[in-house]
$ cat data02.txt   # compact mmCIF, C-alpha atoms
# COMPACT_ATOMS: atom_id res chain seq x y z
CA MET A 1 56.97 91.16 127.04
CA ALA A 2 60.19 90.22 128.76
CA THR A 3 63.31 90.51 126.65
CA THR A 4 65.48 87.42 126.75
CA ASP A 5 69.02 87.72 128.02
CA ASP A 6 70.14 86.40 124.68
CA LYS A 7 68.72 89.47 122.98
CA LEU A 8 69.93 91.77 125.72
CA SER A 9 73.47 90.44 125.28
CA ARG A 10 73.35 90.99 121.54
CA LEU A 11 71.93 94.46 122.08
CA PHE A 12 74.72 95.24 124.51
CA ASP A 13 77.37 93.90 122.12
CA GLY A 14 75.98 95.85 119.17
CA GLU A 15 75.14 92.67 117.30
CA LEU A 16 71.48 93.46 116.60
CA PRO A 17 70.44 95.20 113.39
CA LEU A 18 70.10 98.94 113.94
CA GLY A 19 66.30 99.09 113.58
CA GLU A 20 65.76 96.14 115.88
CA ALA A 21 68.15 97.57 118.45
CA GLU A 22 66.37 100.93 118.51
CA SER A 23 62.99 99.28 118.79
CA LEU A 24 64.21 97.05 121.61
CA ARG A 25 65.71 99.96 123.53
CA ARG A 26 62.33 101.70 123.53
CA GLU A 27 60.66 98.60 124.99
CA LEU A 28 63.16 97.93 127.77
CA GLY A 29 61.78 97.70 131.28
CA GLU A 30 63.56 98.57 134.48
CA THR A 31 64.97 95.06 135.00
CA GLU A 32 66.39 94.91 131.48
CA ARG A 33 68.00 98.31 131.89
CA ALA A 34 69.58 97.16 135.13
CA LYS A 35 70.92 94.06 133.40
CA LEU A 36 72.41 96.19 130.66
CA ALA A 37 74.05 98.40 133.27
CA ALA A 38 75.43 95.31 135.01
CA LEU A 39 76.83 94.01 131.73
CA SER A 40 78.41 97.38 131.07
CA ALA A 41 80.02 97.47 134.53
CA LEU A 42 81.36 93.94 134.14
CA SER A 43 82.73 94.74 130.69
CA GLN A 44 84.50 97.87 131.87
CA THR A 45 85.85 96.15 134.95
CA VAL A 46 87.36 93.26 133.01
CA ARG A 47 88.76 95.59 130.35
CA ASP A 48 90.32 97.98 132.84
CA ALA A 49 91.74 95.22 135.00
CA VAL A 50 93.40 93.37 132.11
CA ARG A 51 94.62 96.46 130.28
CA THR A 52 95.91 98.28 133.34
CA GLU A 53 97.70 95.20 134.59
CA ALA A 54 99.16 94.33 131.17
CA ASP A 55 100.24 97.91 130.49
CA GLY A 56 102.36 97.82 133.63
CA TYR A 57 104.88 95.51 131.97
CA ASP A 58 107.62 96.66 129.63
CA LEU A 59 107.39 95.08 126.26
CA ASP A 60 109.88 94.94 123.42
CA VAL A 61 109.01 91.92 121.40
CA TRP A 62 111.05 92.96 118.39
CA SER A 63 114.38 92.94 120.23
CA ALA A 64 113.56 89.50 121.56
CA ILE A 65 112.66 87.97 118.21
CA GLU A 66 114.83 89.88 115.73
CA ASP A 67 117.72 87.41 115.84
CA ARG A 68 115.40 84.45 115.77
CA ILE A 69 113.60 85.84 112.75
CA GLU A 70 116.86 86.20 110.84
CA ALA A 71 117.81 82.65 111.78
CA ASP A 72 114.35 81.44 110.99
CA VAL A 73 113.75 82.85 107.52
CA PRO A 74 111.07 80.71 105.96
CA ASN A 75 111.88 78.57 102.93
CA VAL A 76 115.65 78.93 103.30
CA VAL A 77 117.40 75.72 102.26
CA PRO A 78 120.89 74.90 103.58
CA LEU A 79 123.61 75.07 100.90
CA ARG A 80 124.48 71.36 100.94
CA ARG A 81 120.83 70.45 100.60
CA LYS A 82 120.43 73.04 97.87
CA ILE A 83 123.25 71.46 95.82
CA PHE A 84 121.77 68.02 96.37
CA LEU A 85 118.34 69.21 95.28
CA ARG A 86 119.69 70.91 92.18
CA THR A 87 121.73 67.85 91.13
CA THR A 88 118.76 65.59 91.68
CA ALA A 89 116.57 67.91 89.67
CA ALA A 90 119.06 67.96 86.77
CA PHE A 91 119.31 64.15 86.68
CA SER A 92 115.57 63.82 86.90
CA ALA A 93 115.14 66.18 83.95
CA LEU A 94 117.64 64.19 81.88
CA ALA A 95 115.96 60.90 82.73
CA LEU A 96 112.60 62.32 81.80
CA ALA A 97 113.92 63.59 78.48
CA ALA A 98 115.41 60.14 77.70
CA ALA A 99 112.12 58.47 78.51
CA MET A 100 110.29 60.90 76.26
CA VAL A 101 112.67 60.13 73.37
CA LEU A 102 112.07 56.41 73.80
CA VAL A 103 108.32 56.76 73.87
CA PHE A 104 107.92 59.38 71.20
CA ARG A 105 110.98 58.66 68.98
CA PRO A 106 110.56 59.74 65.39
CA THR A 107 110.08 56.94 62.88
CA ALA A 108 110.07 56.93 59.05
CA PRO A 109 106.59 57.37 57.70
CA ARG A 110 105.02 54.21 56.43
CA PRO A 111 103.93 54.26 52.79
CA SER A 112 100.28 54.58 52.43
CA ASN A 113 100.14 52.21 49.48
CA CYS A 114 102.35 49.56 47.99
CA GLU A 115 104.94 50.13 45.30
CA ILE A 116 105.03 47.84 42.39
CA LEU A 117 108.61 46.80 42.10
CA GLU A 118 108.24 44.10 39.52
CA LEU A 119 105.45 42.73 37.38
CA GLU A 120 105.78 39.60 35.35
CA VAL A 121 103.06 38.92 32.90
CA VAL A 122 103.07 35.74 30.90
CA GLY A 123 100.68 35.53 28.05
CA SER A 124 99.16 38.92 28.89
CA GLY A 125 99.88 42.56 28.55
CA ALA A 126 99.54 44.80 31.63
CA THR A 127 99.20 48.48 32.10
CA VAL A 128 99.77 50.07 35.51
CA MET A 129 97.81 53.23 36.25
CA LYS A 130 97.40 55.47 39.26
CA VAL A 131 93.97 57.01 39.44
CA PRO A 132 93.34 59.84 41.88
CA ASP A 133 89.95 59.88 43.60
CA GLU A 134 87.88 62.78 44.91
CA HIS A 135 89.55 62.64 48.33
CA GLY A 136 93.01 63.11 46.93
CA ASN A 137 93.97 59.44 47.35
CA GLU A 138 95.44 57.41 44.56
CA THR A 139 94.25 54.01 43.54
CA THR A 140 96.61 51.78 41.59
CA LEU A 141 95.05 49.84 38.75
CA ILE A 142 96.72 47.05 36.80
CA TRP A 143 95.07 46.48 33.52
CA PHE A 144 95.63 43.07 31.89
CA ASP A 145 95.29 42.50 28.16
CA HIS A 146 94.92 38.88 27.28
CA GLN A 147 96.58 37.92 24.01
CA GLU A 148 96.32 34.74 22.04
CA ASP A 149 99.38 32.53 21.83
CA ASP A 150 99.76 33.09 18.20
CA GLU A 151 99.93 36.82 18.68
CA TRP A 152 102.84 36.41 21.07
CA GLU A 153 104.54 34.27 18.67
CA SER A 154 104.27 36.88 16.04
CA LEU A 155 105.91 39.48 18.22
CA MET B 1 101.35 93.15 104.67
CA GLU B 2 102.59 92.62 101.16
CA ARG B 3 105.97 94.07 102.18
CA CYS B 4 106.08 91.66 105.12
CA ARG B 5 105.42 88.77 102.76
CA ARG B 6 108.24 89.86 100.51
CA GLY B 7 110.57 89.58 103.48
CA ASP B 8 110.82 93.29 104.28
CA LYS B 9 112.27 93.24 107.78
CA GLN B 10 111.30 96.81 108.60
CA ALA B 11 107.72 96.19 107.56
CA PHE B 12 107.53 93.19 109.85
CA ARG B 13 109.06 95.20 112.65
CA SER B 14 106.31 97.83 112.24
CA PHE B 15 103.75 95.05 112.32
CA VAL B 16 105.21 93.69 115.57
CA GLU B 17 105.37 97.09 117.21
CA ARG B 18 101.83 97.89 116.20
CA TYR B 19 100.26 94.74 117.59
CA GLN B 20 102.60 93.60 120.37
CA ARG B 21 100.70 95.31 123.19
CA ARG B 22 97.35 93.90 122.11
CA VAL B 23 98.75 90.40 121.69
CA PHE B 24 100.45 90.65 125.07
CA SER B 25 97.23 91.86 126.76
CA LEU B 26 95.33 88.96 125.27
CA ALA B 27 97.96 86.43 126.35
CA PHE B 28 98.24 88.04 129.77
CA GLY B 29 94.49 87.96 130.25
CA LEU B 30 94.43 84.29 129.32
CA LEU B 31 97.49 83.14 131.24
CA LYS B 32 97.62 85.67 134.09
CA ASP B 33 101.40 85.47 134.05
CA ALA B 34 103.53 88.21 132.48
CA ASP B 35 106.52 86.00 131.68
CA GLU B 36 104.38 83.36 130.04
CA ALA B 37 102.48 86.05 128.17
CA ARG B 38 105.79 87.45 126.85
CA ASP B 39 106.82 84.00 125.66
CA ILE B 40 103.51 83.49 123.94
CA CYS B 41 103.74 86.94 122.40
CA GLN B 42 107.13 86.16 120.92
CA GLU B 43 106.03 82.75 119.73
CA ALA B 44 102.92 84.24 118.13
CA PHE B 45 104.93 86.74 116.08
CA LEU B 46 107.52 84.14 115.10
CA LYS B 47 104.75 81.81 114.01
CA ALA B 48 103.09 84.64 112.10
CA HIS B 49 106.40 85.38 110.37
CA ARG B 50 106.86 81.75 109.38
CA ASN B 51 103.33 81.53 108.04
CA LEU B 52 102.96 84.88 106.33
CA GLY B 53 102.73 83.07 103.03
CA THR B 54 99.67 81.13 104.16
CA PHE B 55 97.71 84.18 105.29
CA GLN B 56 94.85 84.35 102.82
CA GLY B 57 93.58 87.78 103.68
CA ALA B 58 90.04 86.41 104.10
CA SER B 59 90.14 87.37 107.74
CA SER B 60 91.70 90.54 109.02
CA LEU B 61 95.31 90.53 110.03
CA TYR B 62 94.70 91.00 113.74
CA THR B 63 92.02 88.29 113.75
CA TRP B 64 94.61 85.95 112.24
CA LEU B 65 97.19 87.04 114.81
CA TYR B 66 94.71 86.61 117.67
CA ARG B 67 93.90 83.16 116.40
CA ILE B 68 97.55 82.18 116.58
CA THR B 69 97.83 83.70 120.06
CA VAL B 70 94.68 82.06 121.43
CA ASN B 71 95.74 78.67 120.06
CA LEU B 72 99.18 79.01 121.62
CA CYS B 73 97.63 79.95 124.97
CA ILE B 74 95.13 77.10 124.86
CA ASP B 75 97.91 74.67 123.93
CA ARG B 76 100.01 75.90 126.83
CA LYS B 77 97.16 75.76 129.32
CA ARG B 78 96.28 72.25 128.24
CA ARG B 79 99.91 71.16 128.36
CA VAL B 80 100.43 72.54 131.81
CA GLY B 81 96.94 71.51 132.92
CA ARG B 82 96.90 73.75 135.88
CA GLY B 83 94.23 75.89 137.50
CA SER B 84 90.74 75.04 138.60
CA GLU B 85 88.82 75.57 135.44
CA VAL B 86 85.09 75.46 135.36
CA GLU B 87 83.94 73.53 132.33
CA LEU B 88 80.58 74.79 131.18
CA ASP B 89 78.38 72.74 128.96
CA GLU B 90 78.77 74.23 125.48
CA ARG B 91 76.56 71.64 123.89
CA LEU B 92 73.50 73.39 125.26
CA PRO B 93 72.08 75.87 122.82
CA HIS B 94 72.44 79.39 124.06
CA ASP B 95 68.73 80.06 124.53
CA ARG B 96 68.12 76.77 126.38
CA ALA B 97 70.79 77.14 129.00
CA GLY B 98 68.46 77.72 131.90
CA ASN B 99 65.68 80.25 132.05
CA PRO B 100 66.75 82.90 129.55
CA ALA B 101 64.67 85.59 131.22
CA ASP B 102 66.62 85.76 134.46
CA VAL B 103 70.02 84.12 134.16
CA LEU B 104 71.99 87.32 133.82
CA SER B 105 72.30 89.33 136.97
CA ALA B 106 70.78 92.78 137.20
CA GLU B 107 73.06 93.56 140.12
CA ARG B 108 75.65 96.10 139.21
CA PRO B 109 79.00 95.66 140.96
CA SER B 110 79.41 98.32 143.58
CA PHE B 111 83.05 99.10 142.78
CA ASN B 112 83.87 101.69 140.18
CA PRO B 113 86.38 101.35 137.35
CA LEU B 114 88.59 104.06 138.79
CA ARG B 115 89.18 101.93 141.89
CA VAL B 116 89.96 98.96 139.67
CA ALA B 117 92.52 101.03 137.79
CA GLN B 118 94.10 102.29 141.01
CA SER B 119 94.16 99.16 143.11
CA SER B 120 96.43 96.33 142.04
CA GLU B 121 94.81 94.17 144.70
CA LEU B 122 91.38 94.61 143.12
CA ARG B 123 92.83 93.93 139.69
CA GLY B 124 94.44 90.79 141.03
CA ARG B 125 91.13 89.59 142.33
CA ILE B 126 89.40 90.25 139.02
CA LEU B 127 92.14 88.36 137.17
CA ALA B 128 91.77 85.54 139.68
CA ALA B 129 88.06 85.43 138.90
CA LEU B 130 88.90 85.28 135.21
CA SER B 131 91.20 82.33 135.80
CA GLU B 132 88.24 80.43 137.25
CA LEU B 133 86.81 80.23 133.75
CA SER B 134 87.93 77.64 131.24
CA VAL B 135 90.48 79.00 128.80
CA GLU B 136 87.91 78.88 125.97
CA HIS B 137 85.39 80.96 127.93
CA ARG B 138 88.10 83.33 129.09
CA SER B 139 89.31 83.77 125.51
CA VAL B 140 85.87 84.74 124.27
CA LEU B 141 85.33 87.14 127.16
CA ILE B 142 88.68 88.87 126.69
CA LEU B 143 88.39 89.06 122.91
CA ARG B 144 85.01 90.72 123.38
CA GLU B 145 85.52 92.92 126.44
CA VAL B 146 89.19 93.85 126.12
CA GLU B 147 89.79 93.69 122.37
CA GLY B 148 86.28 94.68 121.33
CA LEU B 149 85.94 92.05 118.62
CA SER B 150 82.57 91.27 117.06
CA TYR B 151 81.01 87.81 117.37
CA LYS B 152 82.12 87.07 113.81
CA GLU B 153 85.71 88.13 114.48
CA ILE B 154 85.80 86.08 117.68
CA ALA B 155 84.43 83.09 115.78
CA ASP B 156 87.19 83.54 113.18
CA SER B 157 89.82 83.90 115.88
CA MET B 158 88.70 80.80 117.71
CA ASP B 159 87.70 78.75 114.69
CA CYS B 160 84.22 78.04 116.00
CA PRO B 161 80.65 78.99 115.00
CA GLU B 162 79.16 82.30 116.08
CA GLY B 163 76.56 80.40 118.10
CA THR B 164 79.34 78.89 120.19
CA VAL B 165 80.80 82.36 120.72
CA MET B 166 77.45 83.63 121.98
CA SER B 167 77.02 80.67 124.26
CA ARG B 168 80.53 80.93 125.70
CA LEU B 169 80.22 84.67 126.16
CA PHE B 170 76.90 84.30 127.90
CA HIS B 171 78.17 81.65 130.31
CA ALA B 172 81.42 83.51 130.93
CA ARG B 173 79.59 86.71 131.85
CA LYS B 174 77.15 84.89 134.05
CA ARG B 175 79.97 83.11 135.86
CA MET B 176 81.95 86.33 136.26
CA GLN B 177 78.91 88.02 137.76
CA GLU B 178 78.63 85.19 140.26
CA LEU B 179 82.33 85.33 141.10
CA LEU B 180 82.35 89.11 141.41
CA ALA B 181 79.20 89.24 143.51
CA ASP B 182 81.30 88.46 146.61
CA PHE B 183 83.92 90.86 145.40
CA ALA B 184 81.33 93.62 145.13
CA ASP B 185 80.29 93.01 148.71
CA ASP B 186 83.94 93.19 149.83
CA ALA B 187 84.48 96.35 147.87
CA THR B 188 81.44 97.90 149.46
CA GLN B 189 82.78 97.08 152.90
CA GLU B 190 86.19 98.47 151.95
CA GLY B 191 84.57 101.69 150.84
CA ALA B 192 82.51 101.98 154.06
$ encode --input "data02.txt" --output "C-alpha cells"
Amino acid sequence: MATTDDKLSRLFDGELPLGEAESLRRELGETERAKLAALSALSQTVRDAVRTEADGYDLDVWSAIEDRIEADVPNVVPLRRKIFLRTTAAFSALALAAAMVLVFRPTAPRPSNCEILELEVVGSGATVMKVPDEHGNETTLIWFDHQEDDEWESL
Amino acid sequence: MERCRRGDKQAFRSFVERYQRRVFSLAFGLLKDADEARDICQEAFLKAHRNLGTFQGASSLYTWLYRITVNLCIDRKRRVGRGSEVELDERLPHDRAGNPADVLSAERPSFNPLRVAQSSELRGRILAALSELSVEHRSVLILREVEGLSYKEIADSMDCPEGTVMSRLFHARKRMQELLADFADDATQEGA
C-alpha cells in the first residue's frame, strides 16, 4: 500500500506516534525512501543556507536597544501626569465618601411601639400594662374600668 | 523570566543575548535582507520588553518571541508589498491538494550541503528560491527546517491551526523542490 505524502511528511518531521512511525518505516518502499531522502536534503539545504548566511553578519542587539529600553520602561507615567492622576484620585475618593455618607447616613432608631404620653379618662378608670409575649415583644394594654356616676361623685 | 518581568535589566540582557541570533536568522530567512532583519530583531526584543507582563507562560518563551518576530516580518512584507510571492491555496485540506501519493518529489538535489555552506552564490540562489514563497509559507518552512519547531510550536508561533501548518509546510516544500530542481541541474553542470 502506498504511503501518502502527508504521512511521509509527518514521519520525516517526527510528528507520528513512535509505534506508528516504526511500523511505517518497516513498510516503506523504494519510492517512499527516496522521497524521505529528498525531504532530508531539502531540509538541510535550507537550514544551512539560512544559518550560514545569517551567521555571517555581526549582531549586537543589546547595544542597539539598551538606551531605547531605558527610555521605554513600561508603565512609567510622566511626573506631571502622575500628580494629576493622584490629585484626581484623591478628589474622587472624597466625593465617593461624601456620597456614601448621604446615602447611608445614620438616623435615630424609630420606636417600635408608641409611648403613651397622656391618657384622659372620663367616667372610667384605666390601667396601662405592658405584657411581654413569647417572642420578646411587648404589647401595651389599657384596661378600662367603668364606674357609675354616683361612685365618682363619692370620690 | 520572572527577573525580566521585575525589570531586572541584566536578566533581560541575558535573554536578548541568548535569543538574538535565532531571531535574526528567522527574520533574515523571511526578509532576505540583513539590515531589515536587524531592525526587526531590535523591534521584536523591544516589543517583548514592553509586553513581558502579558506573557502568560502557556507557550514557551521562544515560541512567544518567534510569534512577535513573524508578525513583525509579515507586517513589514505586507506594508512594503514587494517581491513576487506565490499565493498557494490554503483553503484546500492538506490531503486533498492534488494526488497525495506523488506530489512530493523523490528527486534528491544533486548538490551537497558542504557546497551550500561554502558557496555564497549557491546560498543566494536558495534564498532567492525561498523568497518566491509567500511570507506565510516561508515562515512555516523556516520555523520547521531552520529552527526545528514542532507543528504545535509553529501553530502557536503563527496563531493558526496545526492543519494549516501541515498544509503550508507541504506546499512550501513542494514548491521549493520545483524551484530547486533547476538549481540541482545547474549544480550538476557546475560540478562536471
$ interface_residues --input "data02.txt" --of "chain A" --to "chain B" --cutoff "10 Å" --atoms "all atoms listed in the file" --output "PyMOL selection string"
chain A and resi 2-10+13-15+30-66+68-70+72-75
$ atom_distance --input "data02.txt" --atom1 "atom CA of B:Ser134" --atom2 "atom CA of B:Asp75"
12.7 Å
$ atom_distance --input "data02.txt" --atom1 "atom CA of A:Asp67" --atom2 "atom CA of B:Arg78"
29.0 Å
$ atom_distance --input "data02.txt" --atom1 "atom CA of A:Arg25" --atom2 "atom CA of B:Glu178"
25.8 Å
$ closest_residue --input "data02.txt" --among "A:Leu24, A:Ala93, A:Val131, A:Ala126" --to "A:Trp143" --atoms "only C-alpha atoms"
A:Ala126
$ residues_around --input "data02.txt" --residues "A:Ile142" --least-positions-apart "2" --cutoff "9 Å" --atoms "only C-alpha atoms" --output "number ranges by chain"
A: 126-130, 140, 144
$ closest_residue --input "data02.txt" --among "B:Phe55, B:Cys160, B:Cys73, B:Val23" --to "B:Cys4" --atoms "only C-alpha atoms"
B:Phe55
$ decode --input "data02.txt" --residues "stretch 116-132 of chain B" --atoms "N, CA and C atoms" --output "CSV table (one decimal), in the first residue's frame"
chain,number,residue,atom,x,y,z
B,116,VAL,N,26.9,24.1,-0.3
B,116,VAL,CA,26.0,25.2,0.0
B,116,VAL,C,26.6,26.1,1.1
B,117,ALA,N,27.3,25.4,2.0
B,117,ALA,CA,27.9,26.2,3.1
B,117,ALA,C,29.1,27.0,2.6
B,118,GLN,N,29.8,26.5,1.5
B,118,GLN,CA,31.0,27.2,1.0
B,118,GLN,C,30.7,28.2,0.0
B,119,SER,N,29.6,28.1,-0.8
B,119,SER,CA,29.4,29.0,-1.9
B,119,SER,C,28.3,30.0,-1.6
B,120,SER,N,28.7,31.2,-1.5
B,120,SER,CA,27.7,32.3,-1.2
B,120,SER,C,26.7,32.4,-2.4
B,121,GLU,N,27.2,32.1,-3.6
B,121,GLU,CA,26.3,32.2,-4.7
B,121,GLU,C,25.2,31.2,-4.6
B,122,LEU,N,25.6,30.0,-4.2
B,122,LEU,CA,24.5,28.9,-4.1
B,122,LEU,C,23.6,29.3,-3.0
B,123,ARG,N,24.1,29.8,-1.9
B,123,ARG,CA,23.2,30.2,-0.8
B,123,ARG,C,22.3,31.3,-1.3
B,124,GLY,N,22.8,32.3,-2.1
B,124,GLY,CA,22.0,33.3,-2.6
B,124,GLY,C,20.8,32.8,-3.4
B,125,ARG,N,21.1,31.8,-4.2
B,125,ARG,CA,20.1,31.2,-5.1
B,125,ARG,C,19.0,30.5,-4.3
B,126,ILE,N,19.5,29.8,-3.2
B,126,ILE,CA,18.5,29.1,-2.3
B,126,ILE,C,17.6,30.2,-1.6
B,127,LEU,N,18.2,31.3,-1.2
B,127,LEU,CA,17.4,32.3,-0.5
B,127,LEU,C,16.5,33.0,-1.5
B,128,ALA,N,16.9,33.1,-2.7
B,128,ALA,CA,16.0,33.6,-3.8
B,128,ALA,C,14.9,32.7,-4.0
B,129,ALA,N,15.1,31.4,-4.0
B,129,ALA,CA,14.0,30.4,-4.1
B,129,ALA,C,13.0,30.6,-3.0
B,130,LEU,N,13.6,30.8,-1.8
B,130,LEU,CA,12.7,31.0,-0.6
B,130,LEU,C,11.8,32.2,-0.8
B,131,SER,N,12.4,33.2,-1.3
B,131,SER,CA,11.6,34.5,-1.5
B,131,SER,C,10.5,34.4,-2.5
B,132,GLU,N,10.5,33.3,-3.3
B,132,GLU,CA,9.4,33.0,-4.2
B,132,GLU,C,8.2,32.6,-3.5
